[in-house]
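Data from upload.txt: compact mmCIF, C-alpha atoms and all ligand atoms
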# COMPACT_ATOMS: atom_id res chain seq x y z
CA MET A 539 11.72 -33.25 111.42
CA THR A 540 10.61 -30.76 108.78
CA GLU A 541 12.32 -32.76 106.08
CA ASN A 542 10.16 -35.78 106.73
CA HIS A 543 6.70 -36.00 105.37
CA VAL A 544 4.20 -38.27 106.91
CA ARG A 545 1.83 -39.52 104.32
CA ARG A 546 -1.76 -38.49 104.85
CA ARG A 547 -3.60 -41.27 103.24
CA SER A 548 -6.00 -43.91 104.26
CA VAL A 549 -4.83 -46.43 106.79
CA LEU A 550 -6.26 -49.94 106.71
CA GLY A 551 -8.12 -48.89 103.59
CA LEU A 552 -10.35 -46.47 105.46
CA PRO A 553 -10.88 -42.97 104.10
CA ILE A 554 -9.67 -40.06 106.18
CA ALA A 555 -12.52 -39.04 108.40
CA GLY A 556 -13.45 -35.40 108.84
CA LEU A 557 -12.78 -35.76 112.55
CA ALA A 558 -9.33 -37.11 111.89
CA ALA A 559 -8.44 -34.27 109.53
CA ALA A 560 -9.68 -31.67 112.01
CA GLY A 561 -7.82 -33.32 114.88
CA ALA A 562 -4.65 -33.54 112.84
CA ALA A 563 -4.73 -29.84 112.06
CA GLN A 564 -4.90 -29.01 115.76
CA VAL A 565 -2.44 -31.45 117.29
CA GLY A 566 0.12 -32.37 114.67
CA PRO A 567 0.64 -34.30 111.49
CA LEU A 568 0.97 -37.77 113.00
CA VAL A 569 -2.33 -37.75 114.79
CA GLY A 570 -4.45 -38.12 111.66
CA PRO A 571 -3.47 -41.74 111.07
CA PHE A 572 -3.86 -42.36 114.80
CA LEU A 573 -7.48 -41.21 114.83
CA GLU A 574 -8.23 -43.26 111.75
CA ARG A 575 -6.78 -46.34 113.38
CA ALA A 576 -8.60 -45.66 116.63
CA ALA A 577 -11.82 -45.56 114.62
CA ALA A 578 -10.84 -48.91 113.12
CA GLY A 579 -10.26 -50.31 116.61
CA SER A 580 -6.46 -50.52 116.29
CA PRO A 581 -5.04 -47.38 117.85
CA SER A 582 -1.29 -47.92 117.75
CA ILE A 583 -0.23 -50.87 115.62
CA ILE A 584 -0.91 -51.29 111.91
CA LYS A 585 -0.17 -54.97 111.23
CA PRO A 586 -2.84 -57.59 112.00
CA LEU A 587 -2.58 -59.11 115.48
CA PRO A 588 -4.39 -62.46 115.33
CA ALA A 589 -5.22 -63.69 118.83
CA ALA A 590 -3.59 -67.03 118.05
CA TRP A 591 -0.22 -65.27 117.60
CA PHE A 592 -0.36 -62.27 119.92
CA THR A 593 -1.44 -61.14 123.34
CA ASP A 594 -2.79 -57.61 123.02
CA HIS A 595 -1.29 -55.17 125.55
CA GLY A 596 -2.80 -52.01 124.03
CA THR A 597 0.03 -50.12 122.28
CA ASN A 598 2.17 -53.24 122.65
CA ALA A 599 1.68 -56.77 121.32
CA GLU A 600 3.35 -59.89 122.69
CA THR A 601 4.22 -62.98 120.67
CA ARG A 602 2.66 -66.17 122.06
CA TRP A 603 5.32 -68.82 122.59
CA GLU A 604 2.89 -71.60 121.69
CA SER A 605 2.55 -70.03 118.23
CA VAL A 606 6.30 -70.14 117.55
CA ASP A 607 7.08 -72.67 114.82
CA PRO A 608 9.84 -75.00 116.12
CA ASP A 609 11.00 -75.50 112.52
CA ARG A 610 11.55 -71.81 111.88
CA HIS A 611 14.60 -70.22 113.48
CA LEU A 612 13.96 -66.57 112.68
CA THR A 613 10.87 -64.65 113.75
CA PRO A 614 8.84 -63.39 110.78
CA GLN A 615 7.98 -59.69 111.12
CA SER A 616 4.29 -60.63 110.96
CA ARG A 617 4.80 -62.51 114.26
CA LEU A 618 7.32 -60.24 115.98
CA PHE A 619 6.30 -58.43 119.19
CA VAL A 620 5.63 -54.69 118.94
CA ARG A 621 6.54 -52.11 121.55
CA ASN A 622 5.25 -48.63 120.78
CA HIS A 623 5.48 -45.68 123.14
CA THR A 624 2.87 -43.92 121.00
CA VAL A 625 1.71 -44.95 117.53
CA THR A 626 3.29 -46.33 114.38
CA PRO A 627 3.83 -43.41 111.99
CA VAL A 628 3.39 -43.84 108.24
CA ILE A 629 6.49 -42.36 106.61
CA ASP A 630 7.01 -41.63 102.93
CA PRO A 631 10.29 -43.33 101.93
CA ASP A 632 10.77 -41.02 98.95
CA THR A 633 11.03 -37.86 101.02
CA TYR A 634 12.52 -39.47 104.14
CA ARG A 635 15.86 -38.02 105.30
CA LEU A 636 18.11 -38.98 108.20
CA ARG A 637 19.77 -35.97 109.81
CA ILE A 638 23.17 -36.46 111.45
CA HIS A 639 24.56 -33.58 113.48
CA GLY A 640 26.24 -32.53 116.72
CA ASP A 641 29.55 -31.23 118.05
CA GLY A 642 30.98 -34.75 117.72
CA LEU A 643 31.18 -34.21 113.96
CA VAL A 644 33.98 -32.35 112.22
CA ARG A 645 31.31 -30.09 110.69
CA ALA A 646 28.84 -29.59 113.51
CA GLN A 647 26.04 -28.37 111.21
CA GLY A 648 25.94 -31.95 110.02
CA VAL A 649 24.59 -33.79 107.02
CA SER A 650 21.38 -35.38 105.90
CA ILE A 651 20.92 -38.43 103.75
CA GLY A 652 18.01 -40.11 101.97
CA LEU A 653 17.40 -43.83 101.60
CA ARG A 654 18.59 -44.15 98.03
CA GLU A 655 21.92 -42.50 98.80
CA LEU A 656 22.33 -44.56 101.95
CA ARG A 657 21.90 -47.77 99.94
CA ARG A 658 24.21 -46.59 97.17
CA ARG A 659 27.01 -45.17 99.26
CA PHE A 660 27.66 -47.83 101.92
CA ARG A 661 28.45 -51.53 101.96
CA HIS A 662 25.36 -53.63 102.69
CA VAL A 663 25.56 -55.93 105.70
CA GLU A 664 23.39 -58.56 107.36
CA VAL A 665 23.40 -59.19 111.09
CA THR A 666 21.31 -61.65 113.06
CA SER A 667 20.35 -60.56 116.56
CA VAL A 668 17.91 -61.41 119.30
CA HIS A 669 15.57 -58.45 119.50
CA GLU A 670 14.05 -58.10 122.96
CA CYS A 671 12.29 -55.63 125.20
CA THR A 672 13.99 -54.73 128.49
CA GLY A 673 10.75 -55.54 130.31
CA ASN A 674 10.38 -59.03 128.84
CA GLY A 675 9.26 -61.38 131.64
CA ARG A 676 8.16 -58.47 133.84
CA SER A 677 4.90 -60.13 134.99
CA PHE A 678 6.92 -62.85 136.76
CA TYR A 679 8.15 -60.33 139.33
CA ASP A 680 4.54 -60.43 140.48
CA THR A 681 3.40 -63.97 139.75
CA GLN A 682 6.62 -65.78 140.67
CA GLN A 683 8.31 -63.46 143.17
CA GLY A 684 5.26 -61.80 144.75
CA ARG A 685 6.32 -58.23 144.03
CA LYS A 686 4.58 -56.34 141.28
CA ALA A 687 6.53 -54.03 138.97
CA SER A 688 5.00 -51.23 136.92
CA GLY A 689 4.81 -51.44 133.13
CA THR A 690 3.46 -53.75 130.44
CA PRO A 691 2.93 -57.18 132.06
CA TRP A 692 4.89 -59.14 129.44
CA THR A 693 5.29 -62.86 129.98
CA LEU A 694 8.25 -64.10 127.86
CA GLY A 695 7.06 -63.12 124.39
CA ALA A 696 8.62 -59.65 123.96
CA VAL A 697 11.45 -61.23 121.98
CA GLY A 698 12.31 -62.52 118.51
CA ALA A 699 15.33 -63.35 116.37
CA VAL A 700 15.79 -61.24 113.27
CA ARG A 701 18.28 -61.11 110.43
CA TRP A 702 18.62 -57.40 109.73
CA GLN A 703 19.70 -55.83 106.43
CA GLY A 704 21.28 -52.41 106.31
CA VAL A 705 24.59 -50.59 106.69
CA ARG A 706 27.09 -50.23 109.51
CA LEU A 707 26.60 -47.09 111.56
CA ARG A 708 30.39 -46.74 111.70
CA ASP A 709 30.57 -46.44 107.91
CA VAL A 710 27.93 -43.72 107.94
CA LEU A 711 29.63 -41.87 110.80
CA ALA A 712 32.99 -42.04 109.00
CA TRP A 713 31.35 -40.44 105.95
CA ALA A 714 29.66 -37.81 108.14
CA GLY A 715 33.07 -37.00 109.65
CA VAL A 716 33.10 -38.14 113.26
CA ARG A 717 35.63 -36.52 115.61
CA ARG A 718 38.10 -38.61 117.61
CA ASP A 719 36.81 -37.14 120.86
CA ALA A 720 33.15 -38.01 120.23
CA VAL A 721 31.78 -40.04 123.15
CA SER A 722 28.02 -40.31 122.75
CA VAL A 723 25.46 -40.93 119.99
CA GLN A 724 21.71 -40.48 120.28
CA GLY A 725 19.01 -41.58 117.85
CA ALA A 726 15.53 -40.03 117.89
CA GLY A 727 12.34 -41.43 116.37
CA LEU A 728 9.83 -39.78 114.05
CA ASP A 729 6.86 -41.14 115.99
CA PRO A 730 4.76 -38.63 117.97
CA HIS A 731 6.25 -37.18 121.13
CA HIS A 732 5.87 -39.33 124.20
CA VAL A 733 3.66 -37.87 126.91
CA ASP A 734 4.38 -39.08 130.44
CA LYS A 735 1.86 -38.14 133.15
CA GLY A 736 0.70 -35.18 131.08
CA VAL A 737 4.22 -33.92 130.28
CA ASP A 738 5.54 -33.89 126.71
CA VAL A 739 9.02 -35.43 127.02
CA GLY A 740 9.77 -35.18 123.31
CA PRO A 741 10.52 -37.83 120.70
CA VAL A 742 11.58 -41.31 121.82
CA ARG A 743 15.38 -41.11 121.98
CA ARG A 744 18.24 -42.71 123.86
CA PRO A 745 21.99 -42.11 123.89
CA PHE A 746 24.60 -44.86 123.67
CA PRO A 747 28.40 -44.92 123.78
CA ILE A 748 30.41 -44.16 120.65
CA GLY A 749 32.12 -47.54 121.19
CA LYS A 750 28.89 -49.39 120.36
CA ALA A 751 28.27 -47.08 117.40
CA LEU A 752 31.71 -47.87 115.96
CA ASP A 753 31.44 -51.58 116.76
CA ASP A 754 28.33 -53.41 115.51
CA ALA A 755 25.45 -50.89 115.43
CA LEU A 756 23.42 -50.91 112.23
CA LEU A 757 21.08 -48.68 110.32
CA ALA A 758 18.61 -51.29 109.09
CA TRP A 759 16.00 -51.05 106.35
CA GLY A 760 15.23 -54.75 106.16
CA ALA A 761 14.31 -57.72 108.33
CA ASN A 762 14.64 -61.32 107.14
CA GLY A 763 15.10 -60.10 103.58
CA ALA A 764 12.00 -57.88 103.37
CA PRO A 765 11.57 -54.14 103.96
CA LEU A 766 10.79 -53.26 107.56
CA LEU A 767 7.08 -53.24 108.31
CA PRO A 768 5.77 -49.85 109.46
CA ASP A 769 5.38 -51.16 113.02
CA HIS A 770 9.03 -52.25 113.11
CA GLY A 771 10.55 -48.96 112.01
CA PHE A 772 10.01 -48.44 108.27
CA PRO A 773 11.88 -47.01 106.48
CA LEU A 774 14.97 -47.10 108.74
CA ARG A 775 15.78 -48.04 112.33
CA LEU A 776 18.79 -48.36 114.54
CA VAL A 777 19.77 -51.87 115.62
CA LEU A 778 22.15 -52.33 118.54
CA PRO A 779 22.70 -56.11 118.56
CA GLY A 780 22.43 -57.73 121.99
CA TRP A 781 21.30 -54.53 123.67
CA VAL A 782 17.99 -53.61 125.30
CA GLY A 783 15.22 -53.10 122.73
CA ILE A 784 14.85 -49.39 123.52
CA ALA A 785 18.34 -48.85 122.08
CA SER A 786 17.08 -49.83 118.63
CA ILE A 787 15.21 -46.63 117.79
CA LYS A 788 12.53 -47.11 115.14
CA TRP A 789 11.64 -44.58 112.41
CA LEU A 790 15.05 -43.02 112.94
CA GLY A 791 14.94 -39.36 111.93
CA ASP A 792 17.84 -37.84 113.79
CA LEU A 793 21.27 -38.88 115.02
CA GLU A 794 23.23 -36.62 117.32
CA VAL A 795 26.96 -37.23 117.85
CA SER A 796 28.45 -35.48 120.85
CA THR A 797 31.77 -34.88 122.60
CA SER A 798 29.94 -34.85 125.93
CA GLU A 799 27.63 -37.47 127.46
CA LEU A 800 24.13 -37.08 126.04
CA THR A 801 21.13 -37.91 128.18
CA SER A 802 17.39 -38.45 127.81
CA PRO A 803 14.58 -39.79 130.01
CA TRP A 804 15.07 -43.13 128.24
CA ASN A 805 18.50 -43.67 129.74
CA ALA A 806 18.22 -41.59 132.93
CA GLN A 807 14.66 -42.12 134.20
CA TRP A 808 13.67 -45.33 132.38
CA TYR A 809 15.75 -48.35 131.35
CA ASN A 810 18.11 -47.52 134.16
CA VAL A 811 18.87 -49.65 137.22
CA GLY A 812 21.78 -47.92 138.95
CA GLY A 813 23.01 -46.97 135.46
CA PRO A 814 21.65 -47.12 131.90
CA LEU A 815 20.88 -50.72 130.91
CA GLY A 816 22.86 -52.05 127.96
CA VAL A 817 23.46 -55.73 127.19
CA ASN A 818 20.46 -58.05 127.62
CA PRO A 819 20.60 -60.88 130.19
CA VAL A 820 20.08 -64.64 129.68
CA ARG A 821 16.54 -66.00 129.33
CA SER A 822 14.74 -69.19 128.25
CA ALA A 823 11.24 -70.13 127.15
CA TRP A 824 9.32 -73.31 126.36
CA GLU A 825 7.38 -73.36 123.08
CA LEU A 826 4.20 -74.20 124.98
CA PRO A 827 1.07 -72.41 126.15
CA TRP A 828 0.93 -71.36 129.76
CA ASP A 829 -0.94 -74.13 131.67
CA ALA A 830 -0.48 -76.43 128.66
CA GLN A 831 -2.48 -79.65 128.64
CA LEU A 832 -0.08 -82.34 127.46
CA PRO A 833 -1.30 -85.74 126.30
CA GLY A 834 0.06 -88.61 128.35
CA ALA A 835 2.59 -90.66 126.37
CA ARG A 836 5.61 -92.92 126.89
CA ALA A 837 7.79 -90.01 125.83
CA LEU A 838 6.98 -86.36 125.20
CA THR A 839 9.38 -84.25 123.17
CA LEU A 840 9.25 -80.64 124.26
CA THR A 841 11.03 -77.71 122.59
CA GLY A 842 12.21 -74.27 123.63
CA ARG A 843 14.77 -71.54 123.07
CA SER A 844 17.39 -69.70 125.12
CA TRP A 845 19.27 -66.50 124.41
CA SER A 846 21.69 -63.98 125.87
CA GLY A 847 22.56 -60.46 124.80
CA ALA A 848 26.24 -61.03 125.50
CA ALA A 849 27.10 -64.24 123.70
CA PRO A 850 25.82 -67.50 122.19
CA ILE A 851 24.30 -70.10 124.52
CA ALA A 852 26.67 -72.80 125.73
CA ARG A 853 24.23 -75.10 127.58
CA VAL A 854 20.64 -75.43 128.74
CA ASP A 855 19.54 -77.52 131.72
CA VAL A 856 15.92 -78.51 132.17
CA SER A 857 13.79 -79.89 134.96
CA THR A 858 10.33 -81.45 134.66
CA ASP A 859 9.85 -81.85 138.41
CA GLY A 860 9.86 -78.25 139.57
CA GLY A 861 13.64 -78.06 139.96
CA THR A 862 14.41 -81.19 142.01
CA THR A 863 16.31 -82.96 139.25
CA TRP A 864 17.95 -81.49 136.15
CA SER A 865 19.26 -82.82 132.89
CA PRO A 866 20.89 -81.17 129.88
CA ALA A 867 18.57 -80.23 127.01
CA ARG A 868 19.62 -81.25 123.52
CA LEU A 869 20.90 -78.14 121.72
CA HIS A 870 19.97 -78.10 118.04
CA PRO A 871 22.67 -77.31 115.50
CA GLU A 872 22.61 -73.59 114.91
CA ARG A 873 20.29 -72.69 112.09
CA GLY A 874 20.31 -68.96 112.58
CA ARG A 875 23.44 -68.33 110.57
CA GLY A 876 22.83 -66.41 107.39
CA ARG A 877 24.02 -67.62 104.06
CA GLY A 878 25.27 -64.13 103.15
CA ARG A 879 28.99 -63.49 103.38
CA ARG A 880 28.83 -60.63 105.79
CA THR A 881 26.55 -62.11 108.39
CA SER A 882 27.69 -61.72 111.96
CA GLY A 883 26.04 -61.32 115.33
CA HIS A 884 24.50 -64.14 117.29
CA SER A 885 21.07 -65.64 117.55
CA TRP A 886 19.13 -67.68 120.07
CA SER A 887 19.59 -71.42 120.57
CA GLN A 888 16.83 -73.91 119.96
CA TRP A 889 16.70 -76.99 122.14
CA SER A 890 14.54 -79.98 122.91
CA HIS A 891 14.02 -82.38 125.75
CA THR A 892 12.41 -85.81 125.77
CA TRP A 893 10.29 -86.28 128.87
CA ARG A 894 10.02 -90.00 129.57
CA SER A 895 6.91 -91.53 131.19
CA PRO A 896 5.42 -88.28 132.52
CA ARG A 897 2.94 -89.03 135.24
CA ALA A 898 -0.60 -87.62 134.91
CA GLY A 899 -1.20 -84.42 136.85
CA ALA A 900 0.30 -80.99 137.39
CA HIS A 901 4.02 -80.29 136.85
CA GLU A 902 6.38 -77.35 136.55
CA LEU A 903 8.86 -77.19 133.69
CA LEU A 904 12.06 -75.21 134.21
CA ALA A 905 14.87 -74.26 131.83
CA ARG A 906 18.14 -72.61 132.80
CA ALA A 907 20.59 -71.44 130.16
CA THR A 908 24.26 -70.49 130.40
CA ASP A 909 26.05 -68.51 127.71
CA VAL A 910 29.61 -69.05 126.50
CA ARG A 911 30.78 -66.23 128.78
CA GLY A 912 29.44 -68.12 131.80
CA ARG A 913 26.44 -65.90 132.43
CA THR A 914 23.48 -67.92 133.64
CA GLN A 915 19.94 -67.54 134.96
CA PRO A 916 19.41 -67.10 138.71
CA ASP A 917 16.55 -68.57 140.76
CA ILE A 918 15.44 -65.07 141.74
CA ALA A 919 15.70 -61.96 139.56
CA ALA A 920 16.84 -58.71 141.20
CA TYR A 921 13.73 -56.62 141.80
CA ASN A 922 13.50 -53.10 140.43
CA PRO A 923 10.31 -50.97 140.42
CA ASN A 924 10.06 -50.82 136.61
CA GLY A 925 10.50 -54.56 136.28
CA TYR A 926 13.42 -54.71 133.87
CA PHE A 927 15.66 -57.71 133.21
CA PHE A 928 13.57 -60.52 134.69
CA ASP A 929 16.12 -63.24 134.00
CA ALA A 930 15.27 -65.83 136.66
CA VAL A 931 14.33 -69.38 135.68
CA VAL A 932 10.59 -69.31 134.93
CA ARG A 933 8.40 -72.03 136.46
CA HIS A 934 6.13 -73.07 133.58
CA PRO A 935 3.00 -74.96 134.72
CA VAL A 936 1.68 -77.85 132.61
CA THR A 937 -0.79 -80.66 133.18
CA VAL A 938 -0.33 -84.13 131.77
CA VAL A 939 -3.78 -85.52 130.99
N1 LIG A 1001 10.94 -44.41 117.80
C1 LIG A 1001 10.73 -45.42 118.65
N2 LIG A 1001 11.66 -46.38 118.75
C2 LIG A 1001 11.48 -47.41 119.59
C3 LIG A 1001 10.35 -47.48 120.43
C4 LIG A 1001 9.35 -46.46 120.29
O1 LIG A 1001 8.30 -46.46 120.94
N3 LIG A 1001 9.59 -45.44 119.39
N4 LIG A 1001 10.23 -48.51 121.33
C5 LIG A 1001 11.50 -49.15 121.73
C6 LIG A 1001 11.33 -50.34 122.54
S1 LIG A 1001 11.05 -50.11 124.21
C7 LIG A 1001 11.52 -51.59 122.01
S2 LIG A 1001 11.47 -52.95 122.98
C8 LIG A 1001 11.74 -51.80 120.57
C9 LIG A 1001 10.64 -52.65 119.99
O2 LIG A 1001 10.83 -52.87 118.61
P1 LIG A 1001 9.70 -53.58 117.74
O3 LIG A 1001 8.39 -52.92 118.05
O4 LIG A 1001 10.13 -53.45 116.33
O5 LIG A 1001 9.66 -55.03 118.17
O6 LIG A 1001 11.77 -50.58 119.85
C10 LIG A 1001 12.35 -49.49 120.53
N5 LIG A 1001 12.44 -48.37 119.63
MO MO A 1002 11.30 -52.19 125.20
Would you kindly transcribe this structure into structure tokens?
Amino acid sequence: MTENHVRRRSVLGLPIAGLAAAGAAQVGPLVGPFLERAAAGSPSIIKPLPAAWFTDHGTNAETRWESVDPDRHLTPQSRLFVRNHTVTPVIDPDTYRLRIHGDGLVRAQGVSIGLRELRRRFRHVEVTSVHECTGNGRSFYDTQQGRKASGTPWTLGAVGAVRWQGVRLRDVLAWAGVRRDAVSVQGAGLDPHHVDKGVDVGPVRRPFPIGKALDDALLAWGANGAPLLPDHGFPLRLVLPGWVGIASIKWLGDLEVSTSELTSPWNAQWYNVGGPLGVNPVRSAWELPWDAQLPGARALTLTGRSWSGAAPIARVDVSTDGGTTWSPARLHPERGRGRGRRTSGHSWSQWSHTWRSPRAGAHELLARATDVRGRTQPDIAAYNPNGYFFDAVVRHPVTVV
């Protein structure tokens, strides 16, 4: 981490306070910006979080589904959810280096590379993926299934679709000299160490199989054609398309490649339900506020989206009567495909449903998606104490007035 310099300058235009400077000297270089932001009332996240777009969960921010523009397929970074274990660091791109090392490399002492060289040396690629937190939907374990799970009480807004720009991890590993018997890769972030119940458990990091690294994993510097925002991993993050959000380490400072299975609390203690969680499940959401008040009309056209970590969506069935009767939603032609030559990956599906002659009063809207591999959404999600992978059909209350 010594090669990376965190810029000590004003954050949100505020001068560095004496308190912040003193605190930083005692507890580490990344705490200065944190104290400044705390003084500004925004302790963890730098970008603005207007209440119309986000639900504030402290160090995390959730996108409001009613603020999603049905005419825009990709999620702008300004509207993308944020999940921070600690605080967004401010990293100087000019001195930033990524260190790659481990006994899974031919030369175990490893290599390090700066941003300019990374851009110059490797073929640029674009990949669209659905970016989602493992705990998305967690609050429904409590509100829909009567069993509370611990963690951020996300509704369904810890998700977005992003077209990432960067380079293939496999190209970088080939250059670094990966051994044939390497099995495990682990990225670590440059954000402050995570402290769990008073114990410093080190930087946020999580191992994944070499197979994913050599398949479609990316080192991304851009999202939707713009540089990553600080909150989303500037200057460089891992992206593991279709996998749990924790796999996509932000502010990537270190990559270890190993010939034995690596482990960390983020695959052993957390994000683990009888094994480390990998591919995201199938989920759906209506582009409506919770408890929406809908104007009575002869026909109401409602919109939503469905997605799966494994594959594109094949069909979506909807019910406007709490699940008694179902009909297929109209899937919109896919608009998530990039125009660039090298675009791959898959996005979410947008859909709509015309609700004819809705009667005044309270109703529950349901949507159930199935992906092209036949994975679908159950009526009840399998409970686990940390509330991961809530994939059941959500019962969305609305009132027709
Ligand atoms: N270094 C680092 N990487 C991280 C995290 C973090 O706290 N620190 N959070 C992870 C989790 S749990 C998720 S869901 C995603 C969130 O990415 P986003 O904030 O860009 O939406 O980043 C992952 N990568
Ligand atoms: Mo997450």
#### Entry: Expected selection as a count of residues only for ligand MO 1002 (chain A) within 12 Å, only C-alpha atoms and all ligand atoms
44
Would you give the centre and edge lengths, in Å to one decimal, of a box along x, y and z around the listed atoms of ligand LIG 1001 (chain A), with 6 Å added to each side, as JSON?
{"center_x": 10.4, "center_y": -49.7, "center_z": 120.3, "size_x": 16.1, "size_y": 22.6, "size_z": 19.9}
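Nearest residue to Asn762 (chain A), choosing from A:Pro779, A:Pro614, A:Pro588, A:Pro916 and counting all atoms listed in the file: A:Pro614.
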### Message
Could you check the closest approach to ligand LIG 1001 (chain A) for each of A:Arg602, A:Arg718, A:His731, A:Arg661 and tell me which residue wins, using only C-alpha atoms and all ligand atoms?
### Response
A:His731
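Nearest residue to Leu800 (chain A), choosing from A:Lys585, A:Lys735, A:Arg657, A:Arg743 and counting only C-alpha atoms: A:Arg743.
Atom pair CA of Lys750 (chain A) / CA of Ile651 (chain A) has a distance of 21.4 Å (rounded to one decimal).
Remark: for Pro586 (chain A), the closest of the candidate residues A:Asp792, A:Asp769, A:Asp829, A:Asp917 is A:Asp769 (distances computed over all atoms listed in the file).
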### Query
Can you tell me how far CA of His770 (chain A) sits from CA of His732 (chain A), in Å to one decimal?
17.3 Å
### Task
Using all atoms listed in the file, give me every residue within 9 Å of (17.1, -50.6, 103.0) in file coordinates, as number ranges by chain.
A: 653-654, 656-657, 662, 703-705, 757-760, 764-766, 773-774
### Query
Mind listing as an NGL selection string all residues within 9 Å of (14.2, -88.0, 130.0), counting only C-alpha atoms?
:A and (837-838 or 858 or 865 or 891-895)
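Shortest separation to ligand LIG 1001 (chain A) among A:Pro747, A:Pro866, A:Pro627, A:Gly596 occurs at residue A:Pro627, atoms counted being all atoms listed in the file.
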### A:Ala919, A:Val721, A:Leu826, A:Leu776 ranked by distance to Val795 (chain A), top pick (using all atoms listed in the file)
A:Val721
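Coordinates place CA of Arg843 (chain A) at a distance of 18.5 Å from CA of Val817 (chain A).
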### Message
Give me the residues near region 898-913 of chain A as a PyMOL selection string, where near means some atom within 8 Å (using only C-alpha atoms) and where sequence neighbours in that chain fewer than 4 positions away do not count.
### Response
chain A and resi 820-824+834+844-846+848-861+931-939
Give me region 582-594 of chain A with N, CA, C and O atoms filled in, as a compact mmCIF listing (two decimals), keeping the file's coordinate frame.
# COMPACT_ATOMS: atom_id res chain seq x y z
N SER A 582 -2.72 -48.18 117.77
CA SER A 582 -1.29 -47.92 117.75
C SER A 582 -0.53 -48.73 116.71
O SER A 582 0.45 -48.26 116.15
N ILE A 583 -0.98 -49.93 116.45
CA ILE A 583 -0.23 -50.87 115.62
C ILE A 583 -0.99 -51.12 114.33
O ILE A 583 -2.21 -51.28 114.34
N ILE A 584 -0.26 -51.15 113.21
CA ILE A 584 -0.91 -51.29 111.91
C ILE A 584 -1.09 -52.75 111.50
O ILE A 584 -2.12 -53.13 110.96
N LYS A 585 -0.08 -53.60 111.77
CA LYS A 585 -0.17 -54.97 111.23
C LYS A 585 -1.27 -55.74 111.96
O LYS A 585 -1.61 -55.43 113.11
N PRO A 586 -1.82 -56.78 111.33
CA PRO A 586 -2.84 -57.59 112.00
C PRO A 586 -2.24 -58.32 113.20
O PRO A 586 -1.07 -58.71 113.18
N LEU A 587 -3.04 -58.45 114.25
CA LEU A 587 -2.58 -59.11 115.48
C LEU A 587 -3.53 -60.26 115.83
O LEU A 587 -4.30 -60.17 116.79
N PRO A 588 -3.48 -61.35 115.04
CA PRO A 588 -4.39 -62.46 115.33
C PRO A 588 -4.19 -62.97 116.76
O PRO A 588 -3.05 -63.09 117.22
N ALA A 589 -5.30 -63.27 117.42
CA ALA A 589 -5.22 -63.69 118.83
C ALA A 589 -4.43 -64.98 119.00
O ALA A 589 -3.90 -65.25 120.07
N ALA A 590 -4.35 -65.78 117.95
CA ALA A 590 -3.59 -67.03 118.05
C ALA A 590 -2.08 -66.75 118.12
O ALA A 590 -1.32 -67.59 118.60
N TRP A 591 -1.65 -65.59 117.64
CA TRP A 591 -0.22 -65.27 117.60
C TRP A 591 0.20 -64.26 118.66
O TRP A 591 1.37 -64.22 119.05
N PHE A 592 -0.73 -63.41 119.06
CA PHE A 592 -0.36 -62.27 119.92
C PHE A 592 -1.27 -62.14 121.13
O PHE A 592 -2.47 -62.39 121.05
N THR A 593 -0.68 -61.66 122.22
CA THR A 593 -1.44 -61.14 123.34
C THR A 593 -1.46 -59.63 123.18
O THR A 593 -0.40 -59.01 123.01
N ASP A 594 -2.63 -59.04 123.24
CA ASP A 594 -2.79 -57.61 123.02
C ASP A 594 -2.56 -56.86 124.33
O ASP A 594 -3.27 -57.07 125.30
